[in-house]
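**Q** Next comes final_29.cif, mmCIF, C-alpha atoms:
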data_protein
#
loop_
_atom_site.label_atom_id
_atom_site.label_comp_id
_atom_site.auth_asym_id
_atom_site.auth_seq_id
_atom_site.Cartn_x
_atom_site.Cartn_y
_atom_site.Cartn_z
CA MET J 1 123.11 70.37 124.95
CA ASP J 2 121.63 71.52 128.25
CA ALA J 3 123.30 74.88 127.81
CA LEU J 4 121.84 75.14 124.33
CA LEU J 5 118.39 74.28 125.60
CA LEU J 6 118.71 76.79 128.40
CA ASN J 7 119.58 79.43 125.86
CA PHE J 8 116.90 78.72 123.29
CA PHE J 9 114.16 77.50 125.49
CA ASN J 10 114.66 78.88 128.94
CA PRO J 11 111.46 77.97 130.84
CA GLU J 12 111.92 80.74 133.39
CA ILE J 13 112.19 83.42 130.73
CA ALA J 14 109.43 81.78 128.72
CA ALA J 15 107.06 82.05 131.67
CA LYS J 16 108.03 85.65 132.26
CA VAL J 17 107.52 86.87 128.69
CA TRP J 18 104.51 84.71 127.84
CA PRO J 19 101.79 87.29 128.68
CA PHE J 20 103.64 89.93 126.66
CA LEU J 21 103.96 87.60 123.67
CA LEU J 22 100.32 86.58 123.94
CA GLN J 23 99.36 90.24 123.82
CA GLY J 24 101.41 90.56 120.63
CA PHE J 25 99.74 87.47 119.23
CA TRP J 26 96.29 89.03 119.69
CA THR J 27 97.47 92.22 118.01
CA THR J 28 98.75 90.13 115.08
CA LEU J 29 95.33 88.49 114.83
CA LEU J 30 93.58 91.86 115.06
CA LEU J 31 95.86 93.36 112.42
CA SER J 32 95.22 90.38 110.13
CA ALA J 33 91.47 90.72 110.73
CA ILE J 34 91.70 94.33 109.53
CA VAL J 35 94.14 93.89 106.67
CA VAL J 36 92.81 90.70 105.03
CA PRO J 37 89.19 91.90 104.53
CA LEU J 38 90.43 95.33 103.39
CA GLY J 39 92.72 93.72 100.81
CA LEU J 40 90.00 91.31 99.67
CA ALA J 41 87.50 94.14 99.22
CA GLY J 42 90.04 96.33 97.39
CA GLY J 43 91.09 93.45 95.15
CA LEU J 44 87.51 92.53 94.36
CA ALA J 45 86.75 96.15 93.46
CA ILE J 46 89.77 96.25 91.13
CA ALA J 47 88.78 93.01 89.41
CA VAL J 48 85.12 94.03 89.00
CA LEU J 49 86.13 97.41 87.57
CA HIS J 50 88.51 95.60 85.24
CA SER J 51 85.71 93.34 84.01
CA LEU J 52 83.77 96.36 82.77
CA HIS J 53 86.26 96.55 79.85
CA ILE J 54 86.69 100.31 79.89
CA ARG J 55 89.97 100.72 78.11
CA TRP J 56 91.49 103.79 79.83
CA LEU J 57 90.34 102.51 83.23
CA ASN J 58 91.99 99.13 82.62
CA TRP J 59 95.28 100.82 81.75
CA LEU J 60 95.08 102.70 85.05
CA LEU J 61 94.23 99.54 86.99
CA ILE J 62 97.09 97.57 85.45
CA ALA J 63 99.49 100.44 86.17
CA TYR J 64 98.29 100.51 89.80
CA VAL J 65 98.60 96.76 90.21
CA ASP J 66 102.06 96.55 88.62
CA PHE J 67 103.31 99.56 90.55
CA PHE J 68 102.40 98.11 93.92
CA ARG J 69 103.55 94.60 93.00
CA ALA J 70 106.95 96.05 92.14
CA PHE J 71 107.18 98.13 95.33
CA PRO J 72 108.50 96.14 98.30
CA PRO J 73 105.84 96.43 101.04
CA LEU J 74 108.43 97.32 103.68
CA VAL J 75 109.58 100.28 101.57
CA LEU J 76 105.96 101.37 101.22
CA LEU J 77 105.43 101.11 104.95
CA ILE J 78 108.55 103.12 105.78
CA PHE J 79 107.69 105.69 103.16
CA LEU J 80 104.22 106.16 104.64
CA TYR J 81 105.30 106.08 108.24
CA PHE J 82 108.55 108.02 108.20
CA GLY J 83 107.81 110.16 105.14
CA THR J 84 104.43 111.67 106.00
CA PRO J 85 105.56 113.46 109.20
CA PHE J 86 107.81 115.61 106.98
CA LEU J 87 104.58 116.92 105.48
CA GLY J 88 103.35 117.84 108.92
CA LEU J 89 100.87 114.98 108.80
CA ASP J 90 100.61 112.75 111.82
CA ILE J 91 99.01 109.51 110.71
CA PRO J 92 98.33 107.01 113.49
CA LYS J 93 100.57 103.94 113.30
CA LEU J 94 97.76 101.47 112.74
CA ALA J 95 96.25 103.60 109.97
CA ALA J 96 99.62 103.93 108.16
CA VAL J 97 100.18 100.18 108.39
CA ALA J 98 96.63 99.33 107.27
CA PHE J 99 96.80 101.77 104.35
CA GLY J 100 100.21 100.51 103.18
CA PHE J 101 99.01 96.92 103.33
CA LEU J 102 95.79 97.84 101.51
CA LEU J 103 97.79 99.27 98.58
CA ASN J 104 100.03 96.22 98.44
CA THR J 105 97.61 93.37 99.08
CA SER J 106 94.72 94.74 97.00
CA SER J 107 96.90 94.54 93.89
CA TYR J 108 97.68 90.87 94.54
CA TYR J 109 94.08 89.99 95.39
CA GLY J 110 93.00 92.05 92.36
CA GLU J 111 95.13 89.94 90.00
CA ILE J 112 93.73 86.74 91.52
CA PHE J 113 90.07 87.82 91.29
CA ARG J 114 90.69 89.04 87.73
CA ALA J 115 92.08 85.64 86.71
CA GLY J 116 89.02 84.05 88.33
CA ILE J 117 86.53 86.25 86.52
CA GLU J 118 88.35 85.72 83.21
CA SER J 119 88.15 81.95 83.71
CA ILE J 120 84.36 82.09 83.39
CA PRO J 121 83.27 81.71 79.74
CA ALA J 122 81.54 84.75 78.24
CA GLY J 123 78.60 82.54 77.32
CA GLN J 124 77.65 82.33 80.98
CA THR J 125 77.25 86.08 81.23
CA ALA J 126 75.31 86.16 77.97
CA ALA J 127 73.03 83.35 79.14
CA ALA J 128 72.45 84.96 82.54
CA ARG J 129 71.70 88.34 80.98
CA SER J 130 69.27 86.76 78.52
CA THR J 131 67.26 85.27 81.39
CA GLY J 132 66.63 88.84 82.53
CA LEU J 133 69.28 89.19 85.26
CA GLY J 134 70.84 92.64 85.50
CA ARG J 135 74.57 93.30 85.15
CA TRP J 136 75.15 93.25 88.91
CA GLN J 137 72.91 90.26 89.45
CA THR J 138 74.85 88.35 86.79
CA LEU J 139 78.10 89.28 88.45
CA THR J 140 77.08 88.42 92.02
CA PHE J 141 74.99 85.32 91.39
CA VAL J 142 76.59 83.74 88.33
CA VAL J 143 80.14 84.90 87.66
CA LEU J 144 81.68 85.58 91.07
CA PRO J 145 80.66 82.37 92.87
CA GLN J 146 82.31 80.28 90.16
CA ALA J 147 85.26 82.65 89.81
CA VAL J 148 86.03 82.48 93.53
CA ARG J 149 85.82 78.70 93.51
CA ASN J 150 88.26 78.52 90.59
CA VAL J 151 90.90 80.65 92.32
CA LEU J 152 90.32 79.51 95.89
CA PRO J 153 93.85 78.03 96.32
CA ASP J 154 95.38 81.32 95.17
CA LEU J 155 93.17 83.30 97.52
CA VAL J 156 94.17 81.12 100.47
CA SER J 157 97.83 81.32 99.45
CA ASN J 158 97.72 85.10 99.27
CA THR J 159 95.93 85.35 102.60
CA LEU J 160 98.77 83.32 104.12
CA GLU J 161 101.22 85.80 102.61
CA VAL J 162 99.26 88.75 104.00
CA ILE J 163 99.26 87.34 107.53
CA LYS J 164 103.01 86.75 107.27
CA LEU J 165 103.33 90.32 106.01
CA THR J 166 101.94 91.69 109.28
CA THR J 167 105.39 91.02 110.82
CA LEU J 168 106.61 94.08 108.88
CA ALA J 169 104.57 96.25 111.24
CA SER J 170 107.25 95.48 113.86
CA VAL J 171 109.58 97.79 111.92
CA VAL J 172 107.39 100.76 112.80
CA ALA J 173 107.05 99.42 116.36
CA LEU J 174 103.41 98.39 116.15
CA PRO J 175 103.15 96.02 119.14
CA GLU J 176 102.41 92.82 117.22
CA LEU J 177 103.95 89.42 117.96
CA LEU J 178 107.36 89.88 116.32
CA ASN J 179 107.78 93.37 117.76
CA ASN J 180 107.03 92.15 121.29
CA ALA J 181 109.32 89.14 120.87
CA ARG J 182 112.21 91.33 119.80
CA GLN J 183 111.63 93.71 122.70
CA ALA J 184 111.51 90.81 125.13
CA GLN J 185 114.71 89.40 123.63
CA ALA J 186 116.48 92.74 124.03
CA LEU J 187 115.36 92.97 127.66
CA THR J 188 116.25 89.42 128.67
CA TYR J 189 119.42 89.00 126.55
CA ASN J 190 118.05 85.63 125.55
CA PRO J 191 116.65 84.32 122.25
CA THR J 192 113.84 82.34 123.95
CA PRO J 193 111.14 84.96 123.18
CA ILE J 194 111.98 84.88 119.46
CA VAL J 195 111.94 81.09 119.41
CA ILE J 196 108.53 81.07 121.13
CA ALA J 197 107.20 83.68 118.73
CA ALA J 198 108.38 81.55 115.80
CA LEU J 199 106.52 78.56 117.30
CA MET J 200 103.40 80.70 117.71
CA TYR J 201 103.58 81.75 114.07
CA LEU J 202 103.94 78.09 113.13
CA ALA J 203 100.92 77.14 115.24
CA LEU J 204 98.87 79.87 113.56
CA LEU J 205 100.00 79.38 109.98
CA TRP J 206 100.91 75.72 109.60
CA PRO J 207 97.24 74.63 109.36
CA ILE J 208 96.80 77.11 106.49
CA VAL J 209 99.87 75.69 104.72
CA ARG J 210 98.42 72.16 105.08
CA LEU J 211 95.03 73.30 103.81
CA LEU J 212 96.77 74.92 100.87
CA SER J 213 98.68 71.76 99.97
CA ARG J 214 95.42 69.82 99.99
CA LEU J 215 93.61 72.40 97.85
CA GLU J 216 96.46 72.54 95.35
CA HIS J 217 96.84 68.79 95.01
CA ARG J 218 93.11 68.41 94.62
CA SER J 219 93.14 70.88 91.74
CA VAL J 220 96.03 69.00 90.10
CA GLY J 221 94.22 65.68 90.57
CA GLY J 222 90.96 66.99 89.21
CA ARG J 223 92.53 68.24 86.02
CA MET Z 1 105.46 127.84 102.49
CA GLY Z 2 102.34 126.42 100.88
CA ALA Z 3 101.35 122.80 101.17
CA TRP Z 4 102.52 122.00 97.64
CA ASP Z 5 105.91 123.68 98.12
CA ARG Z 6 106.32 121.85 101.35
CA PHE Z 7 105.54 118.56 99.63
CA VAL Z 8 108.08 119.22 96.86
CA PHE Z 9 110.68 120.38 99.38
CA SER Z 10 110.21 117.28 101.55
CA PHE Z 11 109.96 114.59 98.89
CA PHE Z 12 111.53 115.95 95.68
CA ASN Z 13 114.38 118.09 96.89
CA ALA Z 14 116.95 118.12 94.07
CA ASP Z 15 119.98 119.05 96.23
CA ILE Z 16 119.30 116.36 98.78
CA ALA Z 17 118.55 113.84 96.04
CA MET Z 18 121.98 114.48 94.51
CA GLN Z 19 123.64 113.94 97.89
CA ALA Z 20 121.72 110.72 98.49
CA LEU Z 21 122.27 109.28 95.03
CA PRO Z 22 125.75 107.75 95.59
CA LEU Z 23 124.59 106.13 98.86
CA VAL Z 24 121.49 104.66 97.26
CA ALA Z 25 123.55 103.49 94.29
CA LYS Z 26 125.79 101.57 96.69
CA GLY Z 27 122.72 100.01 98.24
CA PHE Z 28 121.44 99.17 94.77
CA VAL Z 29 124.54 97.05 94.10
CA VAL Z 30 124.09 95.18 97.39
CA THR Z 31 120.39 94.55 96.67
CA VAL Z 32 121.14 93.20 93.19
CA GLN Z 33 123.91 90.91 94.47
CA LEU Z 34 121.71 89.60 97.26
CA ALA Z 35 118.74 89.08 94.95
CA LEU Z 36 120.79 87.15 92.38
CA ALA Z 37 122.41 84.97 95.04
CA VAL Z 38 118.99 84.17 96.54
CA ILE Z 39 117.39 83.38 93.16
CA VAL Z 40 120.16 81.02 92.06
CA ALA Z 41 120.56 79.15 95.35
CA GLY Z 42 116.84 79.03 96.19
CA THR Z 43 115.68 77.80 92.78
CA LEU Z 44 118.41 75.19 92.47
CA GLY Z 45 117.84 74.01 96.03
CA GLY Z 46 114.12 73.69 95.37
CA LEU Z 47 114.74 71.72 92.18
CA VAL Z 48 117.10 69.32 93.94
CA LEU Z 49 114.60 68.77 96.80
CA ALA Z 50 111.77 68.10 94.34
CA MET Z 51 113.94 65.61 92.45
CA LEU Z 52 114.86 63.83 95.68
CA ARG Z 53 111.18 63.73 96.63
CA SER Z 54 110.31 62.07 93.32
CA PHE Z 55 112.37 59.02 94.29
CA GLY Z 56 109.78 58.22 96.94
CA VAL Z 57 112.06 57.46 99.90
CA ARG Z 58 109.59 57.78 102.79
CA PRO Z 59 111.67 59.14 105.69
CA LEU Z 60 113.44 61.53 103.32
CA ASN Z 61 110.13 62.78 101.94
CA TRP Z 62 108.81 63.46 105.43
CA LEU Z 63 111.87 65.58 106.09
CA ILE Z 64 111.43 67.49 102.84
CA ILE Z 65 107.72 68.08 103.50
CA ALA Z 66 108.43 69.22 107.06
CA PHE Z 67 111.09 71.63 105.83
CA ALA Z 68 108.84 73.01 103.08
CA ASP Z 69 105.90 73.41 105.49
CA VAL Z 70 107.90 75.22 108.16
CA MET Z 71 109.60 77.57 105.72
CA ARG Z 72 106.31 78.37 104.01
CA ALA Z 73 104.54 78.99 107.31
CA LEU Z 74 107.19 81.18 108.97
CA PRO Z 75 107.21 84.86 107.98
CA PRO Z 76 110.56 85.60 106.23
CA LEU Z 77 111.29 88.43 108.64
CA VAL Z 78 111.02 85.98 111.56
CA VAL Z 79 113.52 83.66 109.83
CA ILE Z 80 115.96 86.53 109.27
CA ILE Z 81 115.68 87.61 112.90
CA LEU Z 82 116.11 84.05 114.15
CA LEU Z 83 119.27 83.65 112.07
CA PHE Z 84 120.69 87.05 112.90
CA PHE Z 85 119.74 87.55 116.56
CA ALA Z 86 119.16 84.04 117.92
CA LEU Z 87 121.74 81.91 116.12
CA PRO Z 88 124.75 83.78 117.59
CA TYR Z 89 123.82 82.32 121.01
CA THR Z 90 124.98 78.93 119.66
CA GLY Z 91 128.33 80.47 118.76
CA VAL Z 92 127.53 80.65 115.04
CA SER Z 93 127.50 84.28 114.00
CA LEU Z 94 126.29 85.19 110.53
CA GLY Z 95 126.82 88.63 109.07
CA ALA Z 96 123.82 90.68 107.95
CA PHE Z 97 124.33 89.70 104.31
CA MET Z 98 124.72 85.99 105.08
CA ALA Z 99 121.75 85.92 107.45
CA THR Z 100 119.45 87.66 104.96
CA TRP Z 101 120.72 85.53 102.09
CA LEU Z 102 120.31 82.27 103.98
CA ALA Z 103 116.83 83.14 105.26
CA LEU Z 104 115.47 84.20 101.86
CA THR Z 105 117.17 81.23 100.17
CA LEU Z 106 115.55 78.77 102.58
CA VAL Z 107 112.14 80.37 102.02
CA LEU Z 108 112.49 80.41 98.22
CA CYS Z 109 113.83 76.85 98.33
CA ALA Z 110 110.69 75.63 100.15
CA PHE Z 111 108.28 77.35 97.76
CA ALA Z 112 110.29 76.30 94.68
CA GLU Z 113 110.29 72.69 95.90
CA GLU Z 114 106.49 72.72 96.17
CA ILE Z 115 106.14 74.32 92.71
CA PHE Z 116 108.54 71.87 91.02
CA TRP Z 117 106.88 68.98 92.84
CA ALA Z 118 103.45 70.04 91.56
CA GLY Z 119 104.97 70.20 88.08
CA ILE Z 120 106.45 66.70 88.38
CA LEU Z 121 103.10 65.35 89.64
CA ALA Z 122 101.33 66.90 86.67
CA VAL Z 123 103.38 64.81 84.22
CA PRO Z 124 101.28 61.68 83.62
CA ARG Z 125 102.46 58.46 85.26
CA GLY Z 126 102.54 56.71 81.88
CA GLN Z 127 105.44 58.88 80.81
CA TRP Z 128 107.55 57.56 83.67
CA GLU Z 129 106.63 53.97 82.87
CA ALA Z 130 107.24 54.36 79.14
CA ALA Z 131 110.63 55.98 79.67
CA ARG Z 132 111.70 53.37 82.22
CA SER Z 133 110.61 50.54 79.93
CA THR Z 134 112.84 51.85 77.15
CA GLY Z 135 115.77 51.24 79.46
CA LEU Z 136 116.30 54.75 80.84
CA SER Z 137 117.34 54.83 84.49
CA ARG Z 138 115.32 56.69 87.14
CA LEU Z 139 117.62 59.69 86.97
CA GLN Z 140 117.69 59.72 83.17
CA THR Z 141 113.88 59.53 83.09
CA LEU Z 142 113.67 62.45 85.47
CA ALA Z 143 116.25 64.54 83.65
CA HIS Z 144 115.31 63.86 80.03
CA VAL Z 145 111.59 63.08 80.12
CA VAL Z 146 109.82 64.39 83.21
CA LEU Z 147 111.65 67.59 84.16
CA PRO Z 148 111.64 69.25 80.73
CA GLN Z 149 107.84 69.00 80.70
CA ALA Z 150 107.42 69.77 84.40
CA VAL Z 151 109.65 72.84 84.40
CA ARG Z 152 107.71 74.40 81.53
CA MET Z 153 104.54 74.28 83.59
CA THR Z 154 106.24 75.75 86.63
CA VAL Z 155 107.50 78.91 84.92
CA PRO Z 156 104.58 81.25 85.78
CA PRO Z 157 104.17 80.36 89.47
CA LEU Z 158 107.94 80.24 89.92
CA THR Z 159 108.39 83.68 88.36
CA ASN Z 160 105.83 85.15 90.75
CA ARG Z 161 107.46 83.51 93.74
CA VAL Z 162 110.93 84.65 92.70
CA ILE Z 163 109.70 88.26 92.39
CA ALA Z 164 107.99 88.09 95.80
CA THR Z 165 111.09 86.66 97.49
CA THR Z 166 113.56 89.07 95.92
CA LYS Z 167 111.43 91.98 97.11
CA GLY Z 168 112.14 90.51 100.54
CA THR Z 169 115.74 91.76 100.20
CA ALA Z 170 114.39 95.01 101.70
CA LEU Z 171 113.94 93.05 104.95
CA GLY Z 172 117.74 93.01 105.24
CA SER Z 173 117.48 96.62 106.41
CA VAL Z 174 116.09 95.29 109.72
CA VAL Z 175 119.44 93.65 110.46
CA ALA Z 176 121.29 96.75 109.19
CA LEU Z 177 122.34 95.30 105.85
CA SER Z 178 123.31 98.33 103.77
CA GLU Z 179 120.94 97.68 100.88
CA ILE Z 180 118.73 100.27 99.17
CA LEU Z 181 116.16 100.74 101.93
CA ASN Z 182 118.69 100.96 104.74
CA GLN Z 183 120.90 103.39 102.81
CA SER Z 184 118.01 105.64 101.86
CA SER Z 185 116.33 105.68 105.26
CA SER Z 186 119.57 106.51 107.05
CA ALA Z 187 120.24 109.23 104.47
CA ALA Z 188 116.72 110.53 105.12
CA SER Z 189 117.19 110.76 108.86
CA LEU Z 190 120.61 112.37 108.38
CA ALA Z 191 119.20 114.99 106.00
CA GLY Z 192 116.02 115.51 108.01
CA ASN Z 193 114.18 115.22 104.72
CA ALA Z 194 112.20 112.43 103.04
CA THR Z 195 113.77 112.90 99.58
CA PRO Z 196 116.33 110.05 99.96
CA LEU Z 197 113.35 107.73 100.57
CA THR Z 198 111.92 108.89 97.24
CA VAL Z 199 115.25 108.13 95.59
CA GLY Z 200 115.26 104.68 97.21
CA ALA Z 201 111.68 104.04 96.11
CA ALA Z 202 112.63 105.04 92.56
CA ALA Z 203 115.57 102.63 92.70
CA TYR Z 204 113.24 99.77 93.69
CA LEU Z 205 110.86 100.62 90.87
CA LEU Z 206 113.77 100.75 88.43
CA LEU Z 207 114.76 97.28 89.58
CA PHE Z 208 111.40 95.54 89.97
CA LEU Z 209 108.99 97.19 87.52
CA PRO Z 210 110.70 95.57 84.49
CA VAL Z 211 110.64 92.23 86.35
CA VAL Z 212 106.92 92.50 87.15
CA ILE Z 213 106.14 93.40 83.53
CA LEU Z 214 108.32 90.51 82.36
CA GLY Z 215 106.41 88.27 84.77
CA ARG Z 216 103.12 89.37 83.23
CA TRP Z 217 104.47 88.43 79.79
CA VAL Z 218 105.76 85.07 81.06
CA GLU Z 219 102.35 84.33 82.54
CA THR Z 220 100.60 84.60 79.17
CA ARG Z 221 103.44 82.95 77.27
CA TYR Z 222 103.71 79.86 79.47
CA ALA Z 223 100.10 79.60 80.62
CA TRP Z 224 99.09 76.15 81.87
CA ARG Z 225 97.58 74.26 78.98
CA LYS Z 226 94.13 73.23 80.10
#
Transcribe the structure of this file into structure tokens.
**A**
Amino acid sequence: MDALLLNFFNPEIAAKVWPFLLQGFWTTLLLSAIVVPLGLAGGLAIAVLHSLHIRWLNWLLIAYVDFFRAFPPLVLLIFLYFGTPFLGLDIPKLAAVAFGFLLNTSSYYGEIFRAGIESIPAGQTAAARSTGLGRWQTLTFVVLPQAVRNVLPDLVSNTLEVIKLTTLASVVALPELLNNARQAQALTYNPTPIVIAALMYLALLWPIVRLLSRLEHRSVGGR
Amino acid sequence: MGAWDRFVFSFFNADIAMQALPLVAKGFVVTVQLALAVIVAGTLGGLVLAMLRSFGVRPLNWLIIAFADVMRALPPLVVIILLFFALPYTGVSLGAFMATWLALTLVLCAFAEEIFWAGILAVPRGQWEAARSTGLSRLQTLAHVVLPQAVRMTVPPLTNRVIATTKGTALGSVVALSEILNQSSSAASLAGNATPLTVGAAAYLLLFLPVVILGRWVETRYAWRK
């Protein structure tokens, strides 16, 4: 048992790698702070465009959304990061990661916002327009606030997924938490850094999981 | 060479694509096997956990909730790396296939449990009481009355979750499992050309595009009745 503990939670190694892991943790937060708003904005744009009911545009949007929902994000990331240099392009790591995640997450957020907008009865738009509100005013002051409230659990759930997705950036050696933990493990020949990183992910994401459970059960109860 | 020619040469090179095809096809088989094994084990495991939870045994429920919370909070790639790189220090060594399978199964199991549980909760309490009062046992009530209604409601969210988890099979490439992504990226670095990656990407689309479109259909077909 002691040997096991020494392997998986070696305090000496933990102390040594802690600053390095913390650095990775901040990068994970920074990456999430870039990727989540980008995805939200992209998804919102897709859903708003979809609500204009322009037939050819909607076909394009659905094709885009389905394409990137079918494409594993890691494949997308590797394609962007290892493929583009063959073209003579040198895209910075962070930009490649952010762009790949934008393509992937905007399609998920787009589907969620679309479901939210479609959950608002058409009569609301008609009523708002008849009071003299413009198209955009109707959208921003009447439709979207209700739409977002209706799909809030899904938005939170997807945001959780996006933050978990940032671990993929370790594959292209972006120095986020998982990347640093794996490097530290390779250097120390000890799994302690990975175990600590897992605990850090838990500390970051468990509150979101709890929040999500409460939101979901509330929506079941309120039905 | 112009920019366009260079693009075609690097990404759509017919000769290199032909060379890469058998490798990617091999990876395709591994991906499909892994995905099927994950779907079956993860969904069944989730169903069993949700059924156990419905019996209301407190300490057991705490364990199930803790398991579901941890597996939903941890990024799947972290779970794979824990199982593949950390577990061997205890003397248990899983192969790349086993480690990826187990990690994705545990993750799917946790999400499926939550989805089935939400479905069970959505069946009105009166149905339980009515079924029990006709003399059905707890298990019979669950199997013949509650689950058939609950499962119907869980089809759309479960389909989405299954698609998301099976796409995670690409993560196996991190532990050198020879699935599509690993096969195509090693073929790409061997050929010094990105075309094998294109072939791999096409293989993923071939596999998942029909599933995503099916999922869209399922979503409208089994929409929650409000």
**Q** Could you expand the PyMOL selection byres ((chain J) within 6 of (chain Z)) into the explicit residues it covers here, written as a list in words?
**A**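 Those residues are Ala70, Pro72, Gly83, Lys164, Pro191, Leu202, Leu205 and Trp206 of chain J.
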**Q** Grab the residues selected above and save them as a short mmCIF file (atom, residue, chain, number, x, y, z; two decimals), in the frame of the given file with C-alpha atoms.
**A**
data_model
loop_
_atom_site.label_atom_id
_atom_site.label_comp_id
_atom_site.auth_asym_id
_atom_site.auth_seq_id
_atom_site.Cartn_x
_atom_site.Cartn_y
_atom_site.Cartn_z
CA ALA J 70 106.95 96.05 92.14
CA PRO J 72 108.50 96.14 98.30
CA GLY J 83 107.81 110.16 105.14
CA LYS J 164 103.01 86.75 107.27
CA PRO J 191 116.65 84.32 122.25
CA LEU J 202 103.94 78.09 113.13
CA LEU J 205 100.00 79.38 109.98
CA TRP J 206 100.91 75.72 109.60
#
**Q** Interatomic distance between atom CA of Arg161 of chain Z and atom CA of Cys109 of chain Z?
**A**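 Interatomic distance here is 10.3 Å.
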**Q** Extract, using only C-alpha atoms, all DNA, RNA and protein residues at most 7 Å from segment 136-149 of chain Z, discarding same-chain residues fewer than 6 positions from it, and format them as a ChimeraX atom specification.
**A** /Z:120,123,128
**Q** Give me, as a PyMOL selection string, all polymer residues having an atom no more than 12 Å from Leu204 of chain J, counting only C-alpha atoms and skipping those fewer than 2 positions away in the same chain.
**A** (chain J and resi 25-26+28-29+32+160+163-164+177+197-202+206-210) or (chain Z and resi 70+73-75)
**Q** Excluding Gly24 of chain J and residues on its chain fewer than 4 positions from it, collect all residues at most 10 Å away from it, counting all atoms listed in the file, and give them as a ChimeraX atom specification.
**A** /J:18-20,28-30,174-181,197
**Q** To one decimal in Å, tell me the separation between atom CA of Ile13 of chain J and atom CA of Leu106 of chain Z.
**A**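 Interatomic distance, atom CA of Ile13 of chain J to atom CA of Leu106 of chain Z: 28.7 Å.
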**Q** Between atom CA of Leu44 of chain J and atom CA of Leu212 of chain J, what is the distance, to one decimal in Å?
**A** 20.9 Å
**Q** Determine the nearest neighbour of Ala63 of chain J from the options J:Ile78, J:Val148, J:Ile46, J:Ala3, counting only C-alpha atoms.
**A**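 Smallest distance to Ala63 of chain J is found for J:Ile46.
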**Q** Between Z:Val155, Z:Met98, Z:Leu177, Z:Leu36, which is the closest to Leu214 of chain Z once you count all atoms listed in the file?
**A**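 Checking each of Z:Val155, Z:Met98, Z:Leu177, Z:Leu36 against Leu214 of chain Z, counting all atoms listed in the file, the winner is Z:Val155.
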**Q** May I have the residues within 9 Å of Val48 of chain J as an NGL selection string, using only C-alpha atoms and disregarding those fewer than 4 positions away in the same chain?
**A** :J and (43-44 or 52 or 110 or 113-114 or 117 or 139)
**Q** Include C-alpha atoms and write out the residues we just selected as a PDB file, in the coordinates of the input.
**A**
ATOM      1  CA  GLY J  43      91.090  93.450  95.150  1.00  0.00           C
ATOM      2  CA  LEU J  44      87.510  92.530  94.360  1.00  0.00           C
ATOM      3  CA  LEU J  52      83.770  96.360  82.770  1.00  0.00           C
ATOM      4  CA  GLY J 110      93.000  92.050  92.360  1.00  0.00           C
ATOM      5  CA  PHE J 113      90.070  87.820  91.290  1.00  0.00           C
ATOM      6  CA  ARG J 114      90.690  89.040  87.730  1.00  0.00           C
ATOM      7  CA  ILE J 117      86.530  86.250  86.520  1.00  0.00           C
ATOM      8  CA  LEU J 139      78.100  89.280  88.450  1.00  0.00           C
TER       9      LEU J 139
END
**Q** Could you tell me which of J:Thr125, J:Leu49, J:Pro153, J:Asn190 comes closest to Phe141 of chain J if we count all atoms listed in the file?
**A**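 Comparing J:Thr125, J:Leu49, J:Pro153, J:Asn190 against Phe141 of chain J, the winner is J:Thr125.
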**Q** Name all residues at most 6 Å from Glu179 of chain Z (count only C-alpha atoms; drop same-chain ones fewer than 3 positions away) and give them as a list in words.
**A**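 Selected residues are Gly27, Val30, Thr31 and Asn182 of chain Z.
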